[in-house]
$ cat work.cif   # mmCIF, C-alpha atoms and all ligand atoms
data_my_file
loop_
_atom_site.label_atom_id
_atom_site.label_comp_id
_atom_site.auth_asym_id
_atom_site.auth_seq_id
_atom_site.Cartn_x
_atom_site.Cartn_y
_atom_site.Cartn_z
CA MET A 439 25.92 -0.22 8.35
CA TRP A 440 23.31 2.37 7.52
CA SER A 441 22.31 4.72 10.31
CA LEU A 442 20.12 7.80 10.27
CA LYS A 443 21.31 8.80 13.74
CA ASN A 444 20.25 12.42 13.96
CA ARG A 445 17.37 12.02 11.51
CA ASP A 446 15.31 9.27 13.03
CA MET A 447 12.19 8.62 11.02
CA GLN A 448 8.75 7.20 11.49
CA VAL A 449 6.55 5.89 8.73
CA LEU A 450 2.78 6.34 8.74
CA LYS A 451 0.65 4.60 6.12
CA PHE A 452 -2.95 5.61 5.50
CA GLY A 453 -5.30 3.24 3.66
CA GLY A 454 -8.02 3.97 1.12
CA SER A 455 -10.80 4.76 3.59
CA SER A 456 -8.45 7.05 5.54
CA VAL A 457 -8.08 9.22 2.44
CA GLY A 458 -11.60 8.65 1.12
CA SER A 459 -13.32 11.86 2.21
CA GLU A 460 -12.72 15.40 3.39
CA LYS A 461 -13.44 14.34 6.98
CA ALA A 462 -11.02 11.39 6.80
CA ILE A 463 -8.25 13.52 5.31
CA GLY A 464 -8.91 16.08 8.07
CA SER A 465 -8.12 13.32 10.60
CA VAL A 466 -5.00 12.34 8.64
CA VAL A 467 -3.75 15.92 8.82
CA GLU A 468 -4.31 16.02 12.58
CA ILE A 469 -2.60 12.68 13.18
CA VAL A 470 0.41 13.58 11.04
CA THR A 471 0.76 17.07 12.51
CA GLN A 472 0.85 15.51 15.99
CA SER A 473 3.43 12.94 15.01
CA LEU A 474 5.67 15.56 13.39
CA GLN A 475 6.21 16.92 16.89
CA ASN A 476 8.26 13.79 17.61
CA LYS A 477 10.35 13.36 14.49
CA PRO A 478 10.34 13.65 10.69
CA SER A 479 7.81 11.35 9.09
CA ILE A 480 7.18 9.58 5.84
CA VAL A 481 3.49 9.38 5.02
CA VAL A 482 2.50 6.65 2.57
CA VAL A 483 -0.98 6.87 1.11
CA SER A 484 -3.28 4.52 -0.78
CA ALA A 485 -5.60 5.54 -3.56
CA MET A 486 -8.90 7.05 -2.40
CA HIS A 487 -11.38 4.37 -1.41
CA GLY A 488 -12.69 2.48 -4.45
CA VAL A 489 -10.44 4.20 -7.00
CA THR A 490 -8.12 1.22 -7.62
CA ASP A 491 -11.13 -0.94 -8.52
CA GLN A 492 -12.48 1.86 -10.71
CA LEU A 493 -9.16 2.14 -12.58
CA LEU A 494 -9.01 -1.60 -13.22
CA MET A 495 -12.60 -1.52 -14.47
CA LEU A 496 -11.69 1.46 -16.63
CA ALA A 497 -8.78 -0.35 -18.28
CA GLN A 498 -10.94 -3.39 -18.94
CA THR A 499 -13.81 -1.34 -20.37
CA ALA A 500 -11.51 0.60 -22.69
CA ALA A 501 -9.78 -2.59 -23.86
CA GLN A 502 -13.18 -4.10 -24.67
CA GLY A 503 -13.72 -1.24 -27.08
CA ASN A 504 -16.57 0.04 -24.92
CA GLU A 505 -17.06 3.83 -25.04
CA ALA A 506 -18.42 3.70 -21.47
CA TYR A 507 -14.79 3.99 -20.35
CA LYS A 508 -15.11 7.75 -20.85
CA THR A 509 -17.78 7.99 -18.17
CA ILE A 510 -15.55 6.10 -15.74
CA ILE A 511 -12.74 8.62 -16.34
CA GLU A 512 -15.19 11.47 -15.77
CA ASN A 513 -16.25 9.94 -12.47
CA ILE A 514 -12.68 9.50 -11.32
CA GLU A 515 -11.83 13.05 -12.35
CA GLN A 516 -14.87 14.51 -10.60
CA LYS A 517 -14.14 12.66 -7.37
CA HIS A 518 -10.62 14.10 -7.22
CA LEU A 519 -11.55 17.61 -8.32
CA ASP A 520 -14.29 17.68 -5.67
CA ILE A 521 -11.94 16.66 -2.90
CA VAL A 522 -9.38 19.30 -3.93
CA ARG A 523 -12.10 21.96 -3.84
CA THR A 524 -13.26 20.94 -0.38
CA LEU A 525 -9.79 20.48 1.10
CA LEU A 526 -7.77 23.44 -0.11
CA PRO A 527 -8.35 27.16 0.39
CA ILE A 528 -9.57 28.73 -2.86
CA GLN A 529 -6.37 30.69 -3.54
CA GLN A 530 -4.31 27.47 -3.37
CA GLN A 531 -6.53 25.24 -5.47
CA SER A 532 -5.47 26.06 -9.01
CA SER A 533 -2.07 24.37 -9.12
CA THR A 534 -3.45 21.17 -7.58
CA LEU A 535 -6.49 21.20 -9.88
CA SER A 536 -4.14 21.37 -12.84
CA ILE A 537 -2.02 18.49 -11.48
CA VAL A 538 -5.21 16.41 -11.22
CA LYS A 539 -6.21 17.38 -14.76
CA GLN A 540 -2.75 16.54 -16.07
CA LEU A 541 -2.85 13.07 -14.46
CA ILE A 542 -6.37 12.50 -15.80
CA ASN A 543 -5.15 13.46 -19.28
CA GLU A 544 -2.45 10.81 -18.99
CA ILE A 545 -5.04 8.20 -17.98
CA GLU A 546 -7.15 9.27 -20.96
CA ALA A 547 -4.25 8.95 -23.41
CA ASN A 548 -3.47 5.45 -22.13
CA CYS A 549 -7.12 4.44 -22.42
CA GLU A 550 -7.36 5.72 -25.98
CA GLY A 551 -4.51 3.33 -26.81
CA LEU A 552 -6.31 0.44 -25.11
CA PHE A 553 -9.55 1.32 -26.92
CA MET A 554 -7.79 1.12 -30.30
CA LEU A 555 -5.71 -1.97 -29.57
CA LYS A 556 -8.40 -3.89 -27.66
CA GLU A 557 -5.75 -5.64 -25.68
CA LEU A 558 -4.95 -5.38 -21.98
CA SER A 559 -1.63 -6.69 -20.72
CA PRO A 560 -0.65 -6.80 -17.03
CA ARG A 561 1.94 -4.13 -17.90
CA MET A 562 -0.81 -1.79 -19.14
CA LYS A 563 -2.94 -2.53 -16.07
CA ASP A 564 -0.09 -1.36 -13.84
CA LYS A 565 0.44 1.68 -16.02
CA ILE A 566 -3.16 2.71 -15.42
CA VAL A 567 -3.78 1.52 -11.88
CA CYS A 568 -0.83 3.57 -10.52
CA TYR A 569 -2.82 6.79 -11.04
CA GLY A 570 -4.96 6.09 -7.96
CA GLU A 571 -2.00 6.52 -5.63
CA LEU A 572 -0.45 9.30 -7.75
CA LEU A 573 -3.66 11.35 -7.50
CA SER A 574 -4.26 10.81 -3.79
CA SER A 575 -0.63 11.45 -2.79
CA LYS A 576 -0.39 14.65 -4.85
CA ILE A 577 -3.60 15.94 -3.26
CA ILE A 578 -2.48 15.05 0.28
CA ALA A 579 0.93 16.64 -0.32
CA ALA A 580 -0.81 19.84 -1.47
CA THR A 581 -2.99 19.75 1.65
CA PHE A 582 0.07 19.69 3.91
CA ALA A 583 1.80 22.35 1.81
CA ALA A 584 -1.27 24.58 2.24
CA LYS A 585 -0.84 24.20 6.01
CA GLY A 586 2.70 25.53 5.72
CA ILE A 587 4.38 22.21 6.53
CA ASN A 588 7.86 21.75 5.10
CA GLN A 589 7.05 18.74 2.94
CA GLN A 590 8.19 16.92 -0.15
CA TRP A 591 6.30 14.58 -2.50
CA VAL A 592 8.40 11.48 -3.20
CA ASP A 593 7.97 9.36 -6.32
CA ALA A 594 7.97 5.81 -4.93
CA ARG A 595 8.49 4.49 -8.47
CA GLU A 596 11.97 5.96 -8.50
CA LEU A 597 12.94 4.48 -5.15
CA ILE A 598 11.26 1.07 -5.05
CA LYS A 599 12.78 -1.21 -7.69
CA THR A 600 11.22 -4.53 -8.63
CA ASP A 601 11.29 -7.31 -11.18
CA SER A 602 8.89 -7.15 -14.13
CA ASN A 603 6.21 -9.39 -12.65
CA PHE A 604 3.45 -6.84 -13.30
CA LEU A 605 0.54 -6.65 -10.81
CA ASN A 606 2.54 -8.49 -8.16
CA ALA A 607 6.14 -7.44 -8.51
CA VAL A 608 8.94 -8.71 -6.31
CA VAL A 609 11.05 -5.99 -4.69
CA ASP A 610 14.81 -6.01 -5.19
CA LYS A 611 15.44 -5.19 -1.55
CA GLU A 612 19.17 -4.58 -1.76
CA LEU A 613 18.88 -2.09 -4.60
CA THR A 614 15.74 -0.49 -3.17
CA TYR A 615 17.15 0.02 0.32
CA LYS A 616 20.27 1.60 -1.13
CA THR A 617 18.26 3.88 -3.44
CA ILE A 618 16.06 4.99 -0.53
CA GLN A 619 19.02 5.58 1.76
CA ASP A 620 20.85 7.61 -0.89
CA TYR A 621 17.77 9.74 -1.42
CA PHE A 622 17.29 10.50 2.27
CA LYS A 623 21.03 11.06 2.89
CA ASN A 624 21.08 13.84 0.32
CA PRO A 625 20.93 17.18 2.20
CA ALA A 626 18.86 18.62 -0.66
CA ASN A 627 16.12 16.19 0.40
CA ALA A 628 15.97 17.20 4.06
CA PHE A 629 12.31 17.88 4.91
CA ASP A 630 10.08 17.42 7.93
CA LEU A 631 7.52 15.44 6.03
CA TYR A 632 7.61 13.23 2.95
CA ILE A 633 4.46 12.09 1.15
CA ALA A 634 4.75 8.99 -1.00
CA PRO A 635 2.24 7.02 -3.05
CA GLY A 636 1.92 3.45 -1.79
CA PHE A 637 1.57 0.31 -3.93
CA ILE A 638 3.59 1.54 -6.92
CA SER A 639 7.15 0.86 -7.98
CA SER A 640 9.12 0.33 -11.18
CA ASP A 641 11.22 -2.33 -12.85
CA LYS A 642 14.79 -2.03 -14.14
CA GLU A 643 13.53 -0.71 -17.48
CA GLY A 644 11.55 2.00 -15.75
CA ASN A 645 8.11 0.47 -16.39
CA THR A 646 5.61 1.06 -13.61
CA THR A 647 4.95 -2.04 -11.52
CA THR A 648 2.72 -2.63 -8.49
CA LEU A 649 3.21 -4.62 -5.31
CA GLY A 650 -0.06 -6.58 -5.28
CA ARG A 651 -3.51 -5.54 -4.04
CA GLY A 652 -3.22 -4.06 -0.57
CA GLY A 653 0.45 -3.34 -1.29
CA SER A 654 0.62 0.15 0.22
CA ASP A 655 1.26 -1.42 3.64
CA TYR A 656 4.31 -3.05 2.08
CA THR A 657 5.51 0.30 0.67
CA GLY A 658 5.42 1.64 4.24
CA ALA A 659 7.44 -1.35 5.45
CA ILE A 660 10.03 -0.93 2.69
CA PHE A 661 10.65 2.71 3.62
CA ALA A 662 10.74 1.83 7.32
CA ALA A 663 13.19 -1.04 6.82
CA ALA A 664 15.48 0.88 4.47
CA LEU A 665 15.74 3.78 6.91
CA GLU A 666 15.65 1.67 10.07
CA ALA A 667 12.75 3.78 11.19
CA ASP A 668 11.61 4.00 14.74
CA ARG A 669 8.16 2.56 13.95
CA LEU A 670 5.70 1.77 11.20
CA GLU A 671 2.12 2.88 11.79
CA ILE A 672 -0.67 1.42 9.65
CA TRP A 673 -3.69 3.73 9.91
CA THR A 674 -6.93 2.10 8.80
CA ASP A 675 -10.66 1.93 9.56
CA VAL A 676 -10.56 -0.46 12.53
CA SER A 677 -8.89 -0.08 15.93
CA GLY A 678 -6.26 -2.74 15.38
CA MET A 679 -5.90 -6.36 14.45
CA MET A 680 -8.89 -8.22 15.82
CA THR A 681 -9.63 -11.76 16.91
CA ALA A 682 -11.66 -12.19 13.70
CA ASP A 683 -12.82 -10.15 10.71
CA PRO A 684 -15.20 -7.61 12.31
CA ARG A 685 -17.30 -7.53 9.14
CA ILE A 686 -18.20 -11.15 9.74
CA VAL A 687 -17.89 -11.69 13.48
CA GLN A 688 -19.76 -9.05 15.45
CA ASN A 689 -18.11 -9.67 18.80
CA ALA A 690 -14.54 -9.72 17.45
CA LYS A 691 -12.18 -7.99 19.88
CA GLU A 692 -9.08 -5.90 19.35
CA ILE A 693 -5.78 -7.62 20.08
CA PRO A 694 -3.61 -5.13 22.02
CA GLN A 695 -0.34 -6.88 21.24
CA ILE A 696 0.73 -9.71 18.99
CA SER A 697 4.04 -11.18 17.84
CA TYR A 698 5.37 -10.78 14.29
CA GLN A 699 4.98 -14.52 13.80
CA GLU A 700 1.34 -14.61 14.86
CA ALA A 701 0.46 -11.49 12.88
CA MET A 702 2.15 -12.97 9.83
CA GLU A 703 0.09 -16.14 10.14
CA LEU A 704 -3.20 -14.30 10.67
CA SER A 705 -2.61 -11.97 7.72
CA HIS A 706 -1.29 -14.73 5.49
CA PHE A 707 -4.45 -16.69 6.19
CA GLY A 708 -6.88 -13.90 5.46
CA ALA A 709 -6.80 -11.09 8.08
CA LYS A 710 -6.90 -8.33 5.47
CA VAL A 711 -6.03 -5.57 7.94
CA ILE A 712 -2.34 -5.92 7.05
CA TYR A 713 -0.83 -7.05 3.74
CA PRO A 714 1.19 -10.21 4.54
CA PRO A 715 4.59 -9.22 2.98
CA THR A 716 4.63 -6.14 5.24
CA ILE A 717 5.65 -8.03 8.33
CA GLN A 718 8.85 -9.79 7.26
CA PRO A 719 11.00 -6.64 6.71
CA MET A 720 9.83 -5.29 10.08
CA LEU A 721 10.72 -8.56 11.80
CA ALA A 722 14.13 -8.58 10.10
CA LYS A 723 14.91 -5.06 11.40
CA GLN A 724 12.96 -5.43 14.66
CA ILE A 725 10.82 -2.39 13.93
CA PRO A 726 7.51 -2.30 15.80
CA ILE A 727 4.29 -1.99 13.78
CA TRP A 728 1.28 -0.21 15.19
CA ILE A 729 -2.16 -0.71 13.64
CA LYS A 730 -4.31 2.31 14.45
CA ASN A 731 -7.75 3.68 13.60
CA THR A 732 -7.81 6.98 11.66
CA PHE A 733 -11.40 7.50 12.81
CA ALA A 734 -10.64 6.79 16.51
CA PRO A 735 -6.99 7.79 16.92
CA ASN A 736 -7.14 7.60 20.70
CA ASP A 737 -8.04 3.91 20.67
CA CYS A 738 -5.07 1.85 21.73
CA GLY A 739 -4.65 -0.16 18.50
CA THR A 740 -2.44 -3.20 18.06
CA LEU A 741 1.30 -3.37 18.63
CA ILE A 742 3.11 -6.01 16.58
CA ASN A 743 6.61 -6.77 17.87
CA SER A 744 8.78 -9.68 18.86
CA SER A 745 7.54 -10.32 22.37
CA ILE A 746 5.00 -13.08 22.73
CA PRO A 747 2.23 -11.86 25.02
CA ASP A 748 0.78 -14.14 27.70
CA ASN A 749 -2.08 -15.83 26.01
CA GLU A 750 -4.84 -16.53 28.46
CA ASN A 751 -7.22 -17.19 25.55
CA VAL A 752 -5.03 -19.89 23.95
CA VAL A 753 -6.25 -18.85 20.48
CA ARG A 754 -5.04 -15.40 19.45
CA GLY A 755 -7.40 -15.01 16.51
CA LEU A 756 -9.25 -16.69 13.68
CA SER A 757 -9.09 -15.83 10.01
CA ARG A 758 -10.40 -17.25 6.78
CA ILE A 759 -9.53 -17.14 3.10
CA GLU A 760 -11.86 -17.39 0.16
CA LYS A 761 -11.21 -19.02 -3.20
CA ILE A 762 -8.79 -21.69 -2.07
CA SER A 763 -8.42 -25.11 -3.65
CA LEU A 764 -7.30 -28.20 -1.79
CA LEU A 765 -5.28 -30.37 -4.11
CA SER A 766 -4.68 -34.00 -3.29
CA LEU A 767 -2.41 -35.92 -5.62
CA GLU A 768 -2.37 -39.67 -5.24
CA GLY A 769 -2.00 -42.85 -7.24
CA SER A 770 0.10 -45.96 -7.58
CA GLY A 771 2.24 -44.35 -10.31
CA MET A 772 3.77 -42.09 -7.68
CA VAL A 773 5.08 -44.73 -5.37
CA GLY A 774 8.85 -45.01 -5.31
CA ILE A 775 9.30 -42.55 -8.14
CA SER A 776 11.70 -39.77 -7.36
CA GLY A 777 11.06 -36.26 -8.62
CA ILE A 778 7.24 -36.41 -8.33
CA SER A 779 7.11 -33.55 -5.81
CA MET A 780 9.46 -31.49 -7.93
CA ARG A 781 7.20 -31.93 -10.95
CA LEU A 782 4.07 -31.09 -8.98
CA PHE A 783 5.47 -27.92 -7.42
CA GLY A 784 7.27 -27.03 -10.65
CA ALA A 785 3.97 -27.21 -12.57
CA LEU A 786 2.22 -25.03 -9.97
CA SER A 787 5.03 -22.50 -9.99
CA LYS A 788 5.07 -22.31 -13.77
CA GLU A 789 1.41 -21.27 -13.69
CA LYS A 790 2.19 -18.79 -10.87
CA ILE A 791 -0.08 -20.68 -8.46
CA ASN A 792 0.76 -19.74 -4.92
CA VAL A 793 0.87 -22.72 -2.54
CA ILE A 794 -0.10 -21.42 0.89
CA LEU A 795 0.00 -24.61 2.92
CA ILE A 796 1.73 -27.92 2.43
P1 LIG B 801 -7.00 -0.10 4.27
O1 LIG B 801 -7.78 0.40 3.10
O2 LIG B 801 -6.88 0.90 5.38
O3 LIG B 801 -5.70 -0.72 3.88
P2 LIG B 801 -8.20 -2.72 4.49
O4 LIG B 801 -9.59 -2.78 3.98
O5 LIG B 801 -7.11 -3.26 3.63
O6 LIG B 801 -7.91 -1.21 4.93
O7 LIG B 801 -8.09 -3.47 5.90
C1 LIG B 801 -8.96 -3.12 6.96
C2 LIG B 801 -10.11 -4.09 7.00
O8 LIG B 801 -9.63 -5.41 7.25
C3 LIG B 801 -11.06 -3.84 8.12
O9 LIG B 801 -12.06 -2.90 7.76
C4 LIG B 801 -11.65 -5.22 8.42
O10 LIG B 801 -12.92 -5.35 7.87
C5 LIG B 801 -10.73 -6.18 7.67
N1 LIG B 801 -10.27 -7.29 8.52
C6 LIG B 801 -10.24 -8.59 8.16
N2 LIG B 801 -9.76 -9.36 9.15
C7 LIG B 801 -9.45 -8.53 10.16
C8 LIG B 801 -8.90 -8.73 11.47
N3 LIG B 801 -8.57 -9.94 11.94
N4 LIG B 801 -8.71 -7.63 12.24
C9 LIG B 801 -9.04 -6.40 11.79
N5 LIG B 801 -9.57 -6.15 10.58
C10 LIG B 801 -9.77 -7.20 9.77
N1 LIG B 802 -4.79 0.92 -3.78
C1 LIG B 802 -4.25 -0.42 -3.76
C2 LIG B 802 -5.38 -1.43 -3.59
O1 LIG B 802 -6.54 -1.06 -3.50
C3 LIG B 802 -3.19 -0.60 -2.72
C4 LIG B 802 -3.62 -0.39 -1.28
O2 LIG B 802 -4.66 0.21 -1.03
O3 LIG B 802 -2.88 -0.82 -0.39
O4 LIG B 802 -5.11 -2.60 -3.60
MG MG B 803 -5.12 -2.64 3.22
#
$ encode --input "work.cif" --output "structure tokens"
Amino acid sequence: MWSLKNRDMQVLKFGGSSVGSEKAIGSVVEIVTQSLQNKPSIVVVSAMHGVTDQLLMLAQTAAQGNEAYKTIIENIEQKHLDIVRTLLPIQQQSSTLSIVKQLINEIEANCEGLFMLKELSPRMKDKIVCYGELLSSKIIAATFAAKGINQQWVDARELIKTDSNFLNAVVDKELTYKTIQDYFKNPANAFDLYIAPGFISSDKEGNTTTLGRGGSDYTGAIFAAALEADRLEIWTDVSGMMTADPRIVQNAKEIPQISYQEAMELSHFGAKVIYPPTIQPMLAKQIPIWIKNTFAPNDCGTLINSSIPDNENVVRGLSRIEKISLLSLEGSGMVGISGISMRLFGALSKEKINVILI
């Protein structure tokens, strides 16, 4: 049985808006510095706000043979160069600026290929979209290094192993947990702080894969589960899981505590604040999840654990999903014929259609 014992960990994941500006990253630094006083931490970061969408648009534009892709690369480059210049002291900027330029060159080379071939496979999408998290995590790691924190950038692609279902890869948990444990057991990798890109992983052949949109939460959970961390903190732009989507329902309220089961249902059925696959590994290892607000770190947030709080309100929360089809299959030809359900679900599965409710 794996045990960290004297190296208890905590995992903190910061979403796109939490790393979207100089001010937000300033808050991230404060939050992480505070938490390092308790124990070593793994910080998982998303791409800067909007960058994942920009990269997907970039890939599509290049593959359409549209020269406008070059402007998109320039915009992405400028955004990251600007943030490096505002975050880091002048004397420490040059190495990070050249890392950003190097990564942008790689994006450019990939896009030139797409422009020539005019073909965009899911594999190529993953190859390009991973740069959002690579850029943000490298910049954040440099920010902590500039503060003199004993930190290490960790390539999540080397530790999180998946199948080759590009854009929505399935994690090989056994292999991944072992790879992560081996990495952290190695005395050469003993640091106070680890910075890892969320969302990205790789398959057995070493191709870059991704864990589905919103997947950085899941990266945090995978690290936390593999290392049996003390807690997983999801830092975002709202003060916890709420009774409804605050963008739609103005008087939605924060839920101070919720069970894994209820949180899983709310997120599965549309509460975007946490990516649904995140919860299962935490439930399996009984690791509490905290959802906290980067922009209001003193707000209480939501604790997700196994206790079921007294529910005076009967309904814990409401959520909604868009773009759902209700399929009703009926007809006399089905009566008394065995194997109909198997054929129906088999056909849906073959087309990779996810059935969310039966
Ligand atoms: P991040 O980039 O930090 O991962 P997300 O955009 O994925 O953040 O998730 C946070 C957003 O989820 C909030 O800004 C909020 O609008 C939305 N949201 C939807 N449903 C809920 C809910 N029930 N509780 C809280 N936030 C919700
Ligand atoms: N950057 C990825 C996305 O926008 C992953 C994440 O933010 O969790 O989907
Ligand atoms: Mg998210």
$ closest_atom_pairs --input "work.cif" --of "chain A" --to "ligand LIG 802 (chain B)" --cutoff "7 Å" --atoms "all atoms listed in the file" --output "JSON lines"
{"residue": "A:Gly453", "atom": "CA", "partner": "B:LIG802", "partner_atom": "O2", "distance": 5.6}
{"residue": "A:Gly454", "atom": "CA", "partner": "B:LIG802", "partner_atom": "O2", "distance": 5.5}
{"residue": "A:Ser484", "atom": "CA", "partner": "B:LIG802", "partner_atom": "O2", "distance": 4.5}
{"residue": "A:Ala485", "atom": "CA", "partner": "B:LIG802", "partner_atom": "N1", "distance": 4.7}
{"residue": "A:Thr490", "atom": "CA", "partner": "B:LIG802", "partner_atom": "O1", "distance": 5.0}
{"residue": "A:Asp491", "atom": "CA", "partner": "B:LIG802", "partner_atom": "O1", "distance": 6.8}
{"residue": "A:Gly570", "atom": "CA", "partner": "B:LIG802", "partner_atom": "N1", "distance": 6.7}
{"residue": "A:Glu571", "atom": "CA", "partner": "B:LIG802", "partner_atom": "N1", "distance": 6.5}
{"residue": "A:Gly636", "atom": "CA", "partner": "B:LIG802", "partner_atom": "O3", "distance": 6.6}
{"residue": "A:Phe637", "atom": "CA", "partner": "B:LIG802", "partner_atom": "C3", "distance": 5.0}
{"residue": "A:Gly650", "atom": "CA", "partner": "B:LIG802", "partner_atom": "O4", "distance": 6.6}
{"residue": "A:Arg651", "atom": "CA", "partner": "B:LIG802", "partner_atom": "O4", "distance": 3.4}
{"residue": "A:Gly652", "atom": "CA", "partner": "B:LIG802", "partner_atom": "O3", "distance": 3.3}
{"residue": "A:Gly653", "atom": "CA", "partner": "B:LIG802", "partner_atom": "O3", "distance": 4.3}
{"residue": "A:Ser654", "atom": "CA", "partner": "B:LIG802", "partner_atom": "O3", "distance": 3.7}
{"residue": "A:Asp655", "atom": "CA", "partner": "B:LIG802", "partner_atom": "O3", "distance": 5.8}
$ atom_distance --input "work.cif" --atom1 "CA of Pro527 in chain A" --atom2 "CA of Gln590 in chain A"
19.5 Å
$ atom_distance --input "work.cif" --atom1 "CA of Pro715 in chain A" --atom2 "CA of Met702 in chain A"
8.2 Å
$ atom_distance --input "work.cif" --atom1 "CA of Phe452 in chain A" --atom2 "CA of Ile696 in chain A"
20.7 Å
$ closest_residue --input "work.cif" --among "A:Gln531, A:Thr740, A:Thr499, A:Gln589" --to "ligand LIG 801 (chain B)" --atoms "only C-alpha atoms and all ligand atoms"
A:Thr740
$ residues_near_point --input "work.cif" --point "(5.8, -9.0, -12.5)" --cutoff "9 Å" --atoms "all atoms listed in the file" --output "list in words"
Pro560, Arg561, Thr600, Asp601, Ser602, Asn603, Phe604, Leu605, Asn606, Ala607, Val608, Asp641, Thr647, Thr648 and Leu649 of chain A
$ closest_residue --input "work.cif" --among "A:Met772, A:Ala662, A:Ile521, A:Leu555" --to "Asp446 in chain A" --atoms "all atoms listed in the file"
A:Ala662
$ axis_aligned_box --input "work.cif" --around "ligand LIG 801 (chain B)" --padding-each-side "5 Å" --output "JSON"
{"center_x": -9.3, "center_y": -4.5, "center_z": 7.7, "size_x": 17.2, "size_y": 20.8, "size_z": 19.1}
$ closest_atom_pairs --input "work.cif" --of "chain A" --to "ligand LIG 801 (chain B)" --cutoff "10 Å" --atoms "all atoms listed in the file" --output "tab-separated table"
residue	atom	partner	partner_atom	distance
A:Lys451	CA	B:LIG801	O2	8.4
A:Phe452	CA	B:LIG801	O2	6.1
A:Gly453	CA	B:LIG801	O2	3.3
A:Gly454	CA	B:LIG801	O1	4.1
A:Ser455	CA	B:LIG801	O1	5.3
A:Ser456	CA	B:LIG801	O2	6.3
A:Val457	CA	B:LIG801	O1	8.8
A:Gly458	CA	B:LIG801	O1	9.3
A:Val483	CA	B:LIG801	O3	9.4
A:Ser484	CA	B:LIG801	O1	7.2
A:Ala485	CA	B:LIG801	O1	8.7
A:Met486	CA	B:LIG801	O1	8.7
A:His487	CA	B:LIG801	O1	7.0
A:Gly488	CA	B:LIG801	O1	9.2
A:Arg651	CA	B:LIG801	O5	8.8
A:Gly652	CA	B:LIG801	O5	5.8
A:Gly653	CA	B:LIG801	O3	8.5
A:Ser654	CA	B:LIG801	O3	7.4
A:Asp655	CA	B:LIG801	O3	7.0
A:Ile672	CA	B:LIG801	O2	7.6
A:Trp673	CA	B:LIG801	O2	6.2
A:Thr674	CA	B:LIG801	O2	3.6
A:Asp675	CA	B:LIG801	O9	5.3
A:Val676	CA	B:LIG801	O9	5.6
A:Ser677	CA	B:LIG801	C9	7.6
A:Gly678	CA	B:LIG801	C9	5.8
A:Met679	CA	B:LIG801	N4	3.8
A:Met680	CA	B:LIG801	N4	3.6
A:Thr681	CA	B:LIG801	N3	5.4
A:Ala682	CA	B:LIG801	N3	4.2
A:Asp683	CA	B:LIG801	N2	3.5
A:Pro684	CA	B:LIG801	O10	5.5
A:Arg685	CA	B:LIG801	O10	5.1
A:Ile686	CA	B:LIG801	O10	8.1
A:Val687	CA	B:LIG801	N2	9.5
A:Ala690	CA	B:LIG801	N4	8.1
A:Lys691	CA	B:LIG801	N4	8.4
A:Glu692	CA	B:LIG801	N4	7.3
A:Ile693	CA	B:LIG801	N4	8.4
A:Ala701	CA	B:LIG801	N3	9.2
A:Leu704	CA	B:LIG801	N3	7.0
A:Ser705	CA	B:LIG801	N3	7.6
A:Phe707	CA	B:LIG801	N2	9.5
A:Gly708	CA	B:LIG801	N2	6.5
A:Ala709	CA	B:LIG801	N2	3.6
A:Lys710	CA	B:LIG801	C6	4.3
A:Val711	CA	B:LIG801	O7	3.6
A:Ile712	CA	B:LIG801	O7	6.4
A:Tyr713	CA	B:LIG801	O5	7.3
A:Ile729	CA	B:LIG801	C9	9.1
A:Lys730	CA	B:LIG801	O2	9.5
A:Asn731	CA	B:LIG801	O2	8.7
A:Thr732	CA	B:LIG801	O2	8.8
A:Thr740	CA	B:LIG801	N4	9.6
A:Arg754	CA	B:LIG801	N3	9.9
A:Gly755	CA	B:LIG801	N3	6.9
A:Leu756	CA	B:LIG801	N3	7.0
A:Ser757	CA	B:LIG801	N3	6.2
A:Arg758	CA	B:LIG801	N2	8.3
A:Ile759	CA	B:LIG801	N2	9.9
$ residues_around --input "work.cif" --residues "Ile742 in chain A" --least-positions-apart "6" --cutoff "9 Å" --atoms "all atoms listed in the file" --output "PyMOL selection string"
chain A and resi 694-698+700-701+717+725-729
$ residues_around --input "work.cif" --residues "range 504-518 of chain A" --least-positions-apart "3" --cutoff "9 Å" --atoms "all atoms listed in the file" --output "short mmCIF file (atom, residue, chain, number, x, y, z; two decimals) with C-alpha atoms, in the coordinates of the input"
data_model
loop_
_atom_site.label_atom_id
_atom_site.label_comp_id
_atom_site.auth_asym_id
_atom_site.auth_seq_id
_atom_site.Cartn_x
_atom_site.Cartn_y
_atom_site.Cartn_z
CA MET A 486 -8.90 7.05 -2.40
CA VAL A 489 -10.44 4.20 -7.00
CA GLN A 492 -12.48 1.86 -10.71
CA LEU A 493 -9.16 2.14 -12.58
CA MET A 495 -12.60 -1.52 -14.47
CA LEU A 496 -11.69 1.46 -16.63
CA ALA A 497 -8.78 -0.35 -18.28
CA GLN A 498 -10.94 -3.39 -18.94
CA THR A 499 -13.81 -1.34 -20.37
CA ALA A 500 -11.51 0.60 -22.69
CA ALA A 501 -9.78 -2.59 -23.86
CA ILE A 521 -11.94 16.66 -2.90
CA VAL A 522 -9.38 19.30 -3.93
CA ARG A 523 -12.10 21.96 -3.84
CA LEU A 535 -6.49 21.20 -9.88
CA VAL A 538 -5.21 16.41 -11.22
CA LYS A 539 -6.21 17.38 -14.76
CA ILE A 542 -6.37 12.50 -15.80
CA ILE A 545 -5.04 8.20 -17.98
CA GLU A 546 -7.15 9.27 -20.96
CA CYS A 549 -7.12 4.44 -22.42
CA PHE A 553 -9.55 1.32 -26.92
CA LEU A 573 -3.66 11.35 -7.50
CA SER A 574 -4.26 10.81 -3.79
CA ILE A 577 -3.60 15.94 -3.26
#
